[in-house]
Amino acid sequence: MTIGTPPPPASTNTASRAAVSRITVVGVTADGWPSLPERLRRTVLEAEVVLGGRRHLAMLPEVTGQRREAWPSPLREGLPPLLASLGGARVVALASGDPLVSGIGSTLVDLLGVGRVHVEPAVSSVALARARMGWPSERCAVVTLVGRDPRLLLRELAPGHRVLVLSSDAGTPAAVAALLAGAGYGRSVMTVLGDLGADRESRLSGTADDWLASPPGEAPALNVLALELAGPPAHGLVAGLPDDAFENDGQLTRRDLRASALARLAPAPGQHLWDVGAGAGSVGIEWMRAHPTCATTAVEANAGRAARVARNAGRLGVPGLRVVTGRAPDALAGLPSPEAVFIGGGATRPGVLEACLGALRPGGRLVVHGVTLETETLLADAYRRHGGELTRLAVETTAPIGSFTGWTPARTVTQWSLTVG
């Protein structure tokens, strides 16, 4: 069983590549057809096939013999057969604003390859929103919730932080207000910028608490949400969140050990981690918090803990973390290849260490933790055969001793780490 959604595949679809020679993607502002320059109007009118949302297709003048197709739903699954049906026709796709800002242009490049997609962007909604708010690009973050879980926003929580949210629809502001209020950020100011660039452009503003109690108005379907966050100190992005940030039953890689493991796993943009024997999921969650494009597959044999991993991931702003309920090494079969693997439990199970080592390409990183003599013996032998770094980690914390304070040691952990050559 899997919980969560794996990242969309970056590889191209061979059927689509064979069927379509080239697609021109034309960005359109909220003003629609009148906003297009004459050159791009000719491109659209001379196309044999025009693809787009129903709103975009409805704005076009009639062209005899021109085939027009609305985007399929679900998009990713429906696009390959649609593209395969187009043959060698001249194809134009219509998109909002800049098609490569959380738009259809990115999806088409994934499917067809960059050489077969020509993009003609309009001013993006992000650029228009920054202009309306007077926010320099380097001083605000951008989060897209278009077709995505709103809990992604929780990763960005920090007092004084500015965030532009690309909304999925008119319901996004209310969903965001509820998230913010639930996280203690109800005083955050939300500005809903509707139909940016059109004559009907609108602006609504209020705090998240106000929006829940009495919305300042009805949000338009096309909107960008500008957030000025106000709330308590939030979890940082550096590895080593407090242990109480994670719901757990004691099966948790503790803060100092987690920071040590993640330093050696070295999260990098776009890379994928296997968190094997995930427990509470803390290592995989912090891997994904390191960068928005990092991905994790957590493998956990206990169904209750697997569900807990998914809850922790959603609450800490990485709801896309994928959870596989099963026991390694069998549960590892067919998973997307990792750039890094963490084994927090089950290393002594036959075949687990070998399967994880075999899955890593050159440059991949492996970190294994053990607290038993059996695991320590296994890791010492792995160090002898493969090299790497073998470390014993002993952590002590203060605790009351009567009316005094003394040190309480935690279990010593043996850590083996290896970068595959």
# chains A, B, ... in the order shown; residues from 1 in each chain; ligands from 1

call {"tool": "select_by_dssp", "arguments": {"residues": "stretch 39-261 of chain A", "states": "alpha helix (DSSP H)", "output": "short mmCIF file (atom, residue, chain, number, x, y, z; two decimals) with all heavy atoms, in the first residue's frame"}}
result
data_model
loop_
_atom_site.label_atom_id
_atom_site.label_comp_id
_atom_site.auth_asym_id
_atom_site.auth_seq_id
_atom_site.Cartn_x
_atom_site.Cartn_y
_atom_site.Cartn_z
N ARG A 39 1.23 38.97 -34.38
CA ARG A 39 2.06 37.82 -34.76
C ARG A 39 1.54 36.53 -34.12
O ARG A 39 1.43 35.49 -34.79
CB ARG A 39 3.50 38.08 -34.33
CG ARG A 39 4.44 36.90 -34.51
CD ARG A 39 5.84 37.28 -34.05
NE ARG A 39 5.91 37.55 -32.64
CZ ARG A 39 6.12 36.61 -31.69
NH1 ARG A 39 6.26 35.33 -32.06
NH2 ARG A 39 6.19 36.93 -30.42
N LEU A 40 1.20 36.57 -32.84
CA LEU A 40 0.73 35.38 -32.16
C LEU A 40 -0.71 35.05 -32.53
O LEU A 40 -1.11 33.88 -32.54
CB LEU A 40 0.89 35.54 -30.65
CG LEU A 40 2.34 35.59 -30.15
CD1 LEU A 40 2.40 35.75 -28.65
CD2 LEU A 40 3.10 34.34 -30.58
N ARG A 41 -1.51 36.06 -32.86
CA ARG A 41 -2.87 35.77 -33.34
C ARG A 41 -2.80 34.94 -34.63
O ARG A 41 -3.56 33.99 -34.81
CB ARG A 41 -3.63 37.07 -33.61
CG ARG A 41 -4.00 37.83 -32.36
CD ARG A 41 -5.00 38.92 -32.72
NE ARG A 41 -5.09 39.92 -31.67
CZ ARG A 41 -5.94 40.93 -31.70
NH1 ARG A 41 -6.73 41.11 -32.74
NH2 ARG A 41 -5.99 41.80 -30.70
N ARG A 42 -1.89 35.32 -35.53
CA ARG A 42 -1.75 34.56 -36.78
C ARG A 42 -1.31 33.13 -36.48
O ARG A 42 -1.78 32.18 -37.11
CB ARG A 42 -0.74 35.24 -37.70
CG ARG A 42 -1.25 36.51 -38.35
CD ARG A 42 -0.38 36.88 -39.56
NE ARG A 42 1.04 36.96 -39.21
CZ ARG A 42 1.64 38.05 -38.77
NH1 ARG A 42 0.95 39.19 -38.63
NH2 ARG A 42 2.93 38.05 -38.51
N THR A 43 -0.40 32.98 -35.53
CA THR A 43 0.07 31.64 -35.16
C THR A 43 -1.10 30.77 -34.70
O THR A 43 -1.20 29.60 -35.09
CB THR A 43 1.13 31.73 -34.04
OG1 THR A 43 2.25 32.48 -34.51
CG2 THR A 43 1.58 30.36 -33.61
N VAL A 44 -1.97 31.34 -33.89
CA VAL A 44 -3.11 30.58 -33.39
C VAL A 44 -4.10 30.27 -34.51
O VAL A 44 -4.56 29.13 -34.66
CB VAL A 44 -3.81 31.35 -32.25
CG1 VAL A 44 -5.09 30.63 -31.82
CG2 VAL A 44 -2.87 31.53 -31.06
N LEU A 45 -4.41 31.27 -35.33
CA LEU A 45 -5.43 31.10 -36.37
C LEU A 45 -4.97 30.17 -37.48
O LEU A 45 -5.80 29.53 -38.14
CB LEU A 45 -5.82 32.46 -36.95
CG LEU A 45 -6.50 33.43 -35.97
CD1 LEU A 45 -6.76 34.76 -36.64
CD2 LEU A 45 -7.79 32.83 -35.42
N ARG A 54 -11.04 25.28 -21.47
CA ARG A 54 -12.30 25.67 -22.11
C ARG A 54 -12.44 27.19 -22.15
O ARG A 54 -12.97 27.75 -23.11
CB ARG A 54 -13.46 25.03 -21.36
CG ARG A 54 -13.41 23.50 -21.40
CD ARG A 54 -14.66 22.86 -20.84
NE ARG A 54 -14.48 21.41 -20.73
CZ ARG A 54 -14.59 20.57 -21.74
NH1 ARG A 54 -14.87 21.03 -22.96
NH2 ARG A 54 -14.41 19.26 -21.57
N ARG A 55 -11.95 27.87 -21.12
CA ARG A 55 -12.02 29.34 -21.10
C ARG A 55 -11.20 29.93 -22.23
O ARG A 55 -11.63 30.88 -22.91
CB ARG A 55 -11.51 29.85 -19.74
CG ARG A 55 -11.46 31.35 -19.60
CD ARG A 55 -11.00 31.72 -18.20
NE ARG A 55 -9.65 31.24 -17.93
CZ ARG A 55 -8.55 31.92 -18.21
NH1 ARG A 55 -8.63 33.10 -18.81
NH2 ARG A 55 -7.37 31.43 -17.91
N HIS A 56 -10.01 29.38 -22.47
CA HIS A 56 -9.16 29.90 -23.54
C HIS A 56 -9.75 29.61 -24.91
O HIS A 56 -9.74 30.46 -25.80
CB HIS A 56 -7.76 29.29 -23.44
CG HIS A 56 -6.96 29.81 -22.29
ND1 HIS A 56 -6.24 28.98 -21.46
CD2 HIS A 56 -6.79 31.06 -21.81
CE1 HIS A 56 -5.64 29.71 -20.54
NE2 HIS A 56 -5.95 30.98 -20.74
N LEU A 57 -10.26 28.40 -25.09
CA LEU A 57 -10.82 28.04 -26.40
C LEU A 57 -12.06 28.86 -26.72
O LEU A 57 -12.30 29.21 -27.89
CB LEU A 57 -11.15 26.54 -26.43
CG LEU A 57 -9.96 25.58 -26.28
CD1 LEU A 57 -10.45 24.14 -26.27
CD2 LEU A 57 -8.94 25.80 -27.39
N ALA A 58 -12.83 29.20 -25.70
CA ALA A 58 -14.07 29.95 -25.94
C ALA A 58 -13.81 31.38 -26.41
O ALA A 58 -14.68 32.00 -27.03
CB ALA A 58 -14.90 29.98 -24.66
N LEU A 75 -5.00 15.34 -16.21
CA LEU A 75 -4.15 15.87 -17.28
C LEU A 75 -3.01 14.93 -17.64
O LEU A 75 -2.80 14.60 -18.81
CB LEU A 75 -3.61 17.24 -16.87
CG LEU A 75 -2.75 17.97 -17.90
CD1 LEU A 75 -3.58 18.33 -19.12
CD2 LEU A 75 -2.12 19.22 -17.28
N ARG A 76 -2.22 14.51 -16.66
CA ARG A 76 -1.02 13.70 -16.93
C ARG A 76 -1.36 12.40 -17.64
O ARG A 76 -0.65 11.98 -18.56
CB ARG A 76 -0.29 13.40 -15.62
CG ARG A 76 0.70 14.47 -15.20
CD ARG A 76 2.05 14.20 -15.82
NE ARG A 76 2.98 15.28 -15.51
CZ ARG A 76 4.22 15.31 -15.95
NH1 ARG A 76 4.68 14.37 -16.73
NH2 ARG A 76 5.01 16.31 -15.65
N GLU A 77 -2.44 11.76 -17.19
CA GLU A 77 -2.80 10.49 -17.79
C GLU A 77 -3.43 10.67 -19.16
O GLU A 77 -3.29 9.82 -20.05
CB GLU A 77 -3.77 9.74 -16.87
CG GLU A 77 -3.16 9.23 -15.57
CD GLU A 77 -2.98 10.32 -14.53
OE1 GLU A 77 -3.33 11.48 -14.81
OE2 GLU A 77 -2.49 10.01 -13.42
N GLY A 78 -4.16 11.78 -19.36
CA GLY A 78 -4.88 11.97 -20.60
C GLY A 78 -4.08 12.59 -21.72
O GLY A 78 -4.45 12.45 -22.91
N LEU A 79 -2.99 13.28 -21.40
CA LEU A 79 -2.23 13.97 -22.44
C LEU A 79 -1.57 13.04 -23.46
O LEU A 79 -1.65 13.30 -24.67
CB LEU A 79 -1.18 14.88 -21.81
CG LEU A 79 -1.54 16.36 -21.66
CD1 LEU A 79 -0.39 17.13 -21.03
CD2 LEU A 79 -1.90 16.97 -23.01
N PRO A 80 -0.88 11.97 -23.05
CA PRO A 80 -0.21 11.14 -24.05
C PRO A 80 -1.13 10.64 -25.16
O PRO A 80 -0.80 10.77 -26.35
CB PRO A 80 0.42 10.01 -23.22
CG PRO A 80 0.67 10.64 -21.90
CD PRO A 80 -0.49 11.57 -21.67
N PRO A 81 -2.31 10.05 -24.85
CA PRO A 81 -3.17 9.62 -25.96
C PRO A 81 -3.69 10.78 -26.79
O PRO A 81 -3.86 10.64 -28.02
CB PRO A 81 -4.31 8.87 -25.26
CG PRO A 81 -4.25 9.26 -23.83
CD PRO A 81 -2.84 9.60 -23.55
N LEU A 82 -3.95 11.94 -26.17
CA LEU A 82 -4.38 13.09 -26.95
C LEU A 82 -3.30 13.53 -27.92
O LEU A 82 -3.55 13.75 -29.12
CB LEU A 82 -4.75 14.24 -26.02
CG LEU A 82 -5.06 15.59 -26.70
CD1 LEU A 82 -6.23 15.46 -27.67
CD2 LEU A 82 -5.34 16.67 -25.64
N LEU A 83 -2.07 13.64 -27.44
CA LEU A 83 -0.97 14.06 -28.30
C LEU A 83 -0.72 13.04 -29.41
O LEU A 83 -0.40 13.40 -30.54
CB LEU A 83 0.30 14.28 -27.47
CG LEU A 83 0.23 15.39 -26.42
CD1 LEU A 83 1.51 15.41 -25.58
CD2 LEU A 83 0.00 16.75 -27.07
N ALA A 84 -0.88 11.76 -29.06
CA ALA A 84 -0.65 10.71 -30.06
C ALA A 84 -1.67 10.78 -31.20
O ALA A 84 -1.40 10.32 -32.30
CB ALA A 84 -0.70 9.34 -29.39
N ILE A 104 1.18 24.56 -18.20
CA ILE A 104 1.15 23.43 -19.12
C ILE A 104 2.45 23.30 -19.90
O ILE A 104 2.82 22.21 -20.34
CB ILE A 104 -0.05 23.55 -20.08
CG1 ILE A 104 -0.25 22.27 -20.88
CG2 ILE A 104 0.13 24.76 -21.02
CD1 ILE A 104 -0.63 21.08 -20.03
N GLY A 105 3.18 24.40 -20.06
CA GLY A 105 4.45 24.33 -20.78
C GLY A 105 5.42 23.35 -20.13
O GLY A 105 6.10 22.58 -20.82
N SER A 106 5.47 23.36 -18.80
CA SER A 106 6.37 22.45 -18.08
C SER A 106 5.98 21.00 -18.33
O SER A 106 6.84 20.13 -18.53
CB SER A 106 6.33 22.76 -16.58
OG SER A 106 6.61 24.12 -16.34
N THR A 107 4.68 20.72 -18.32
CA THR A 107 4.21 19.36 -18.54
C THR A 107 4.53 18.89 -19.95
O THR A 107 4.96 17.75 -20.17
CB THR A 107 2.69 19.28 -18.30
OG1 THR A 107 2.40 19.77 -16.98
CG2 THR A 107 2.18 17.86 -18.43
N LEU A 108 4.33 19.76 -20.93
CA LEU A 108 4.61 19.38 -22.32
C LEU A 108 6.10 19.15 -22.55
O LEU A 108 6.48 18.24 -23.30
CB LEU A 108 4.08 20.46 -23.26
CG LEU A 108 2.55 20.56 -23.34
CD1 LEU A 108 2.13 21.79 -24.13
CD2 LEU A 108 1.95 19.29 -23.96
N VAL A 109 6.94 19.95 -21.93
CA VAL A 109 8.39 19.72 -22.05
C VAL A 109 8.75 18.36 -21.46
O VAL A 109 9.57 17.62 -22.02
CB VAL A 109 9.17 20.86 -21.36
CG1 VAL A 109 10.64 20.48 -21.22
CG2 VAL A 109 9.04 22.15 -22.16
N ASP A 110 8.15 18.00 -20.30
CA ASP A 110 8.41 16.69 -19.71
C ASP A 110 8.03 15.56 -20.67
O ASP A 110 8.74 14.56 -20.79
CB ASP A 110 7.61 16.52 -18.41
CG ASP A 110 8.23 17.27 -17.24
OD1 ASP A 110 9.40 17.69 -17.36
OD2 ASP A 110 7.56 17.42 -16.21
N LEU A 111 6.89 15.72 -21.33
CA LEU A 111 6.37 14.66 -22.19
C LEU A 111 7.07 14.57 -23.54
O LEU A 111 7.32 13.48 -24.06
CB LEU A 111 4.87 14.84 -22.40
CG LEU A 111 3.97 14.56 -21.19
CD1 LEU A 111 2.53 14.95 -21.52
CD2 LEU A 111 4.04 13.08 -20.81
N LEU A 112 7.37 15.73 -24.12
CA LEU A 112 7.86 15.76 -25.50
C LEU A 112 9.34 16.04 -25.64
O LEU A 112 9.94 15.76 -26.67
CB LEU A 112 7.08 16.82 -26.30
CG LEU A 112 5.57 16.62 -26.38
CD1 LEU A 112 4.91 17.81 -27.07
CD2 LEU A 112 5.25 15.34 -27.13
N SER A 125 1.56 35.66 -13.92
CA SER A 125 0.77 36.15 -12.79
C SER A 125 1.67 36.45 -11.59
O SER A 125 1.35 37.33 -10.79
CB SER A 125 -0.28 35.11 -12.41
OG SER A 125 0.31 33.87 -12.11
N VAL A 126 2.78 35.74 -11.48
CA VAL A 126 3.72 36.02 -10.39
C VAL A 126 4.32 37.41 -10.54
O VAL A 126 4.39 38.19 -9.58
CB VAL A 126 4.84 34.96 -10.36
CG1 VAL A 126 5.94 35.36 -9.39
CG2 VAL A 126 4.27 33.59 -10.00
N ALA A 127 4.74 37.77 -11.77
CA ALA A 127 5.31 39.10 -12.00
C ALA A 127 4.27 40.19 -11.75
O ALA A 127 4.57 41.24 -11.14
CB ALA A 127 5.84 39.21 -13.43
N LEU A 128 3.04 39.96 -12.20
CA LEU A 128 1.98 40.95 -11.97
C LEU A 128 1.67 41.09 -10.48
O LEU A 128 1.47 42.20 -9.98
CB LEU A 128 0.72 40.55 -12.73
CG LEU A 128 0.79 40.69 -14.26
CD1 LEU A 128 -0.41 40.02 -14.91
CD2 LEU A 128 0.87 42.15 -14.66
N ALA A 129 1.63 39.98 -9.76
CA ALA A 129 1.35 40.04 -8.32
C ALA A 129 2.45 40.78 -7.58
O ALA A 129 2.17 41.60 -6.69
CB ALA A 129 1.19 38.62 -7.77
N ARG A 130 3.71 40.50 -7.92
CA ARG A 130 4.80 41.24 -7.27
C ARG A 130 4.69 42.73 -7.55
O ARG A 130 4.93 43.56 -6.67
CB ARG A 130 6.15 40.71 -7.77
CG ARG A 130 6.54 39.36 -7.21
CD ARG A 130 8.04 39.13 -7.32
NE ARG A 130 8.52 39.30 -8.70
CZ ARG A 130 8.79 38.33 -9.54
NH1 ARG A 130 8.62 37.08 -9.17
NH2 ARG A 130 9.21 38.59 -10.76
N ALA A 131 4.32 43.07 -8.77
CA ALA A 131 4.19 44.48 -9.12
C ALA A 131 3.08 45.15 -8.32
O ALA A 131 3.24 46.28 -7.83
CB ALA A 131 3.92 44.62 -10.62
N ARG A 132 1.95 44.46 -8.17
CA ARG A 132 0.83 45.05 -7.43
C ARG A 132 1.18 45.22 -5.96
O ARG A 132 0.75 46.17 -5.31
CB ARG A 132 -0.41 44.18 -7.57
CG ARG A 132 -0.91 43.98 -9.00
CD ARG A 132 -1.32 45.30 -9.66
NE ARG A 132 -1.89 45.04 -10.99
CZ ARG A 132 -1.18 45.07 -12.11
NH1 ARG A 132 0.13 45.36 -12.07
NH2 ARG A 132 -1.76 44.83 -13.27
N MET A 133 1.95 44.26 -5.41
CA MET A 133 2.29 44.32 -3.99
C MET A 133 3.54 45.14 -3.72
O MET A 133 3.83 45.48 -2.57
CB MET A 133 2.49 42.90 -3.45
CG MET A 133 1.27 42.00 -3.54
SD MET A 133 -0.15 42.62 -2.59
CE MET A 133 0.49 42.57 -0.92
N THR A 172 -9.28 28.34 -2.86
CA THR A 172 -7.94 28.30 -2.26
C THR A 172 -7.77 29.28 -1.11
O THR A 172 -7.20 28.92 -0.07
CB THR A 172 -6.87 28.52 -3.33
OG1 THR A 172 -6.97 27.48 -4.32
CG2 THR A 172 -5.47 28.49 -2.73
N PRO A 173 -8.22 30.55 -1.22
CA PRO A 173 -8.02 31.47 -0.08
C PRO A 173 -8.62 30.96 1.22
O PRO A 173 -7.99 31.07 2.28
CB PRO A 173 -8.70 32.76 -0.57
CG PRO A 173 -8.56 32.72 -2.05
CD PRO A 173 -8.75 31.27 -2.40
N ALA A 174 -9.81 30.39 1.18
CA ALA A 174 -10.42 29.87 2.40
C ALA A 174 -9.62 28.69 2.96
O ALA A 174 -9.43 28.58 4.18
CB ALA A 174 -11.86 29.45 2.14
N ALA A 175 -9.13 27.81 2.06
CA ALA A 175 -8.32 26.68 2.51
C ALA A 175 -7.02 27.16 3.14
O ALA A 175 -6.58 26.63 4.17
CB ALA A 175 -8.04 25.75 1.33
N VAL A 176 -6.40 28.17 2.54
CA VAL A 176 -5.16 28.72 3.09
C VAL A 176 -5.43 29.39 4.43
O VAL A 176 -4.64 29.25 5.38
CB VAL A 176 -4.52 29.69 2.08
CG1 VAL A 176 -3.42 30.51 2.75
CG2 VAL A 176 -3.96 28.92 0.89
N ALA A 177 -6.52 30.14 4.54
CA ALA A 177 -6.85 30.79 5.81
C ALA A 177 -6.99 29.77 6.93
O ALA A 177 -6.50 29.98 8.05
CB ALA A 177 -8.14 31.60 5.66
N ALA A 178 -7.65 28.65 6.64
CA ALA A 178 -7.82 27.61 7.65
C ALA A 178 -6.48 27.00 8.06
O ALA A 178 -6.23 26.76 9.25
CB ALA A 178 -8.76 26.52 7.12
N LEU A 179 -5.59 26.78 7.08
CA LEU A 179 -4.27 26.25 7.39
C LEU A 179 -3.48 27.20 8.28
O LEU A 179 -2.87 26.79 9.27
CB LEU A 179 -3.49 26.01 6.09
CG LEU A 179 -3.68 24.69 5.36
CD1 LEU A 179 -2.89 24.71 4.07
CD2 LEU A 179 -3.23 23.52 6.22
N LEU A 180 -3.49 28.47 7.92
CA LEU A 180 -2.74 29.46 8.68
C LEU A 180 -3.27 29.58 10.11
O LEU A 180 -2.49 29.60 11.08
CB LEU A 180 -2.79 30.82 7.98
CG LEU A 180 -2.07 30.91 6.64
CD1 LEU A 180 -2.29 32.28 6.00
CD2 LEU A 180 -0.57 30.64 6.79
N ALA A 181 -4.57 29.66 10.25
CA ALA A 181 -5.15 29.78 11.58
C ALA A 181 -4.84 28.55 12.42
O ALA A 181 -4.51 28.66 13.61
CB ALA A 181 -6.66 30.00 11.47
N GLY A 182 -4.91 27.37 11.80
CA GLY A 182 -4.62 26.15 12.53
C GLY A 182 -3.18 26.03 12.98
O GLY A 182 -2.88 25.32 13.93
N ALA A 208 -6.08 36.08 8.07
CA ALA A 208 -6.61 34.73 7.94
C ALA A 208 -7.78 34.52 8.89
O ALA A 208 -8.79 33.90 8.53
CB ALA A 208 -5.51 33.71 8.20
N ASP A 209 -7.65 35.04 10.12
CA ASP A 209 -8.75 34.92 11.08
C ASP A 209 -10.00 35.63 10.57
O ASP A 209 -11.11 35.10 10.67
CB ASP A 209 -8.34 35.51 12.44
CG ASP A 209 -7.38 34.62 13.20
OD1 ASP A 209 -7.34 33.40 12.91
OD2 ASP A 209 -6.65 35.13 14.07
N ASP A 210 -9.82 36.83 10.01
CA ASP A 210 -10.96 37.58 9.48
C ASP A 210 -11.61 36.82 8.32
O ASP A 210 -12.84 36.80 8.18
CB ASP A 210 -10.52 38.96 9.00
CG ASP A 210 -10.15 39.88 10.15
OD1 ASP A 210 -10.54 39.57 11.30
OD2 ASP A 210 -9.44 40.88 9.91
N TRP A 211 -10.77 36.21 7.48
CA TRP A 211 -11.31 35.51 6.31
C TRP A 211 -12.20 34.35 6.75
O TRP A 211 -13.24 34.08 6.15
CB TRP A 211 -10.16 34.99 5.45
CG TRP A 211 -10.62 34.65 4.06
CD1 TRP A 211 -11.25 33.49 3.68
CD2 TRP A 211 -10.50 35.44 2.89
NE1 TRP A 211 -11.53 33.54 2.34
CE2 TRP A 211 -11.09 34.72 1.83
CE3 TRP A 211 -9.95 36.69 2.64
CZ2 TRP A 211 -11.14 35.20 0.53
CZ3 TRP A 211 -10.00 37.19 1.35
CH2 TRP A 211 -10.58 36.46 0.31
N LEU A 212 -11.80 33.67 7.83
CA LEU A 212 -12.61 32.55 8.31
C LEU A 212 -13.89 33.03 8.98
O LEU A 212 -14.96 32.42 8.83
CB LEU A 212 -11.80 31.71 9.30
CG LEU A 212 -10.61 30.94 8.71
CD1 LEU A 212 -9.84 30.23 9.81
CD2 LEU A 212 -11.08 29.93 7.67
N ALA A 213 -13.79 34.15 9.73
CA ALA A 213 -14.96 34.66 10.45
C ALA A 213 -15.94 35.35 9.52
O ALA A 213 -17.16 35.16 9.63
CB ALA A 213 -14.51 35.62 11.56
N ARG A 255 16.90 13.93 17.49
CA ARG A 255 17.32 15.18 16.85
C ARG A 255 18.80 15.20 16.48
O ARG A 255 19.17 15.47 15.34
CB ARG A 255 16.99 16.32 17.81
CG ARG A 255 17.31 17.69 17.28
CD ARG A 255 16.92 18.73 18.31
NE ARG A 255 16.79 20.05 17.72
CZ ARG A 255 16.31 21.10 18.37
NH1 ARG A 255 15.92 20.98 19.63
NH2 ARG A 255 16.23 22.28 17.76
N ASP A 256 19.68 14.93 17.45
CA ASP A 256 21.12 15.05 17.18
C ASP A 256 21.60 13.97 16.21
O ASP A 256 22.45 14.23 15.35
CB ASP A 256 21.90 14.96 18.50
CG ASP A 256 21.52 16.08 19.45
OD1 ASP A 256 21.93 17.23 19.20
OD2 ASP A 256 20.80 15.81 20.43
N LEU A 257 21.04 12.77 16.33
CA LEU A 257 21.40 11.69 15.42
C LEU A 257 20.87 11.97 14.02
O LEU A 257 21.51 11.67 13.01
CB LEU A 257 20.84 10.37 15.94
CG LEU A 257 21.25 9.99 17.36
CD1 LEU A 257 20.53 8.72 17.79
CD2 LEU A 257 22.76 9.81 17.44
N ARG A 258 19.67 12.57 13.95
CA ARG A 258 19.05 12.90 12.66
C ARG A 258 19.89 13.95 11.93
O ARG A 258 20.11 13.87 10.72
CB ARG A 258 17.64 13.42 12.91
CG ARG A 258 16.78 13.52 11.66
CD ARG A 258 15.41 14.11 11.98
NE ARG A 258 14.96 13.84 13.31
CZ ARG A 258 14.61 14.78 14.19
NH1 ARG A 258 14.66 16.05 13.85
NH2 ARG A 258 14.19 14.46 15.39
N ALA A 259 20.34 14.96 12.68
CA ALA A 259 21.16 16.00 12.06
C ALA A 259 22.46 15.41 11.51
O ALA A 259 22.92 15.78 10.42
CB ALA A 259 21.46 17.10 13.07
N SER A 260 23.04 14.47 12.25
CA SER A 260 24.27 13.83 11.79
C SER A 260 24.02 13.01 10.53
O SER A 260 24.80 13.06 9.56
CB SER A 260 24.82 12.92 12.90
OG SER A 260 25.94 12.19 12.45
N ALA A 261 22.91 12.27 10.51
CA ALA A 261 22.59 11.46 9.34
C ALA A 261 22.34 12.32 8.11
O ALA A 261 22.85 12.05 7.02
CB ALA A 261 21.37 10.59 9.63
#

call {"tool": "residues_around", "arguments": {"residues": "stretch 315-327 of chain A", "least_positions_apart": "2", "cutoff": "7 Å", "atoms": "only C-alpha atoms", "output": "ChimeraX atom specification"}}
result
/A:1-6,149,151-155,285,288-289,295-303,306,310-313,329-331

call {"tool": "closest_residue", "arguments": {"among": "A:Val119, A:Ala70, A:Ala219, A:Val20", "to": "A:Ser202", "atoms": "only C-alpha atoms"}}
result
A:Ala219

call {"tool": "select_by_dssp", "arguments": {"residues": "stretch 26-193 of chain A", "states": "strand (DSSP E)", "output": "PyMOL selection string"}}
result
chain A and resi 26-28+49-52+67-70+91-96+117-120+141-144+162-166+189-193

call {"tool": "closest_residue", "arguments": {"among": "A:Arg139, A:Arg200, A:His291, A:Arg365", "to": "A:Glu389", "atoms": "only C-alpha atoms"}}
result
A:Arg365

call {"tool": "closest_residue", "arguments": {"among": "A:Ala359, A:Leu335, A:Leu222, A:Leu353", "to": "A:Ala198", "atoms": "only C-alpha atoms"}}
result
A:Leu222

call {"tool": "residues_around", "arguments": {"residues": "stretch 224-231 of chain A", "least_positions_apart": "4", "cutoff": "10 Å", "atoms": "only C-alpha atoms", "output": "VMD selection string"}}
result
chain A and resid 125 to 126 128 to 130 132 to 133 135 140 to 144 156 to 170 172 to 173 176 180 to 181 183 to 196 203 to 205 207 to 208 219 to 220

call {"tool": "closest_residue", "arguments": {"among": "A:Trp407, A:Ala347, A:Ser124, A:His118", "to": "A:Val28", "atoms": "only C-alpha atoms"}}
result
A:Ser124

call {"tool": "residues_around", "arguments": {"residues": "A:Leu378", "least_positions_apart": "5", "cutoff": "12 Å", "atoms": "only C-alpha atoms", "output": "list of chain:residue names"}}
result
A:Gly346, A:Ala347, A:Thr348, A:Arg349, A:Pro350, A:Val352, A:Leu353, A:Glu354, A:Val368, A:His369, A:Gly370, A:Val371, A:Thr372, A:Leu373, A:Tyr383, A:Arg384, A:Arg385, A:Leu390, A:Thr414, A:Gln415, A:Trp416

call {"tool": "closest_residue", "arguments": {"among": "A:Val283, A:Ala328, A:Val91, A:Leu237", "to": "A:Thr253", "atoms": "only C-alpha atoms"}}
result
A:Val283

call {"tool": "atom_distance", "arguments": {"atom1": "atom CA of A:Leu360", "atom2": "atom CA of A:Thr419"}}
result
9.2 Å

call {"tool": "closest_residue", "arguments": {"among": "A:Val123, A:Ala394, A:Leu418, A:Ala410", "to": "A:Gly364", "atoms": "only C-alpha atoms"}}
result
A:Leu418

call {"tool": "residues_around", "arguments": {"residues": "A:Trp33", "least_positions_apart": "2", "cutoff": "7 Å", "atoms": "only C-alpha atoms", "output": "JSON, numbers by chain"}}
result
{"A": [31, 35, 36, 59, 60]}

call {"tool": "write_last_selection", "arguments": {"atoms": "N, CA, C and O atoms", "output": "compact mmCIF listing (two decimals), in the first residue's frame"}}
result
# COMPACT_ATOMS: atom_id res chain seq x y z
N ASP A 31 -6.73 39.36 -20.05
CA ASP A 31 -7.53 40.09 -21.03
C ASP A 31 -7.94 39.22 -22.22
O ASP A 31 -8.82 39.59 -23.00
N SER A 35 -5.44 40.76 -26.03
CA SER A 35 -4.10 41.08 -25.52
C SER A 35 -2.98 40.49 -26.37
O SER A 35 -1.82 40.89 -26.22
N LEU A 36 -3.30 39.54 -27.26
CA LEU A 36 -2.25 38.89 -28.06
C LEU A 36 -1.78 39.81 -29.18
O LEU A 36 -2.59 40.41 -29.88
N MET A 59 -12.62 31.90 -26.16
CA MET A 59 -12.36 33.30 -26.53
C MET A 59 -11.93 33.42 -28.00
O MET A 59 -11.85 34.53 -28.53
N LEU A 60 -11.64 32.31 -28.67
CA LEU A 60 -11.10 32.36 -30.02
C LEU A 60 -12.19 32.63 -31.05
O LEU A 60 -13.32 32.14 -30.92

call {"tool": "atom_distance", "arguments": {"atom1": "atom CA of A:Val395", "atom2": "atom CA of A:Thr412"}}
result
7.2 Å
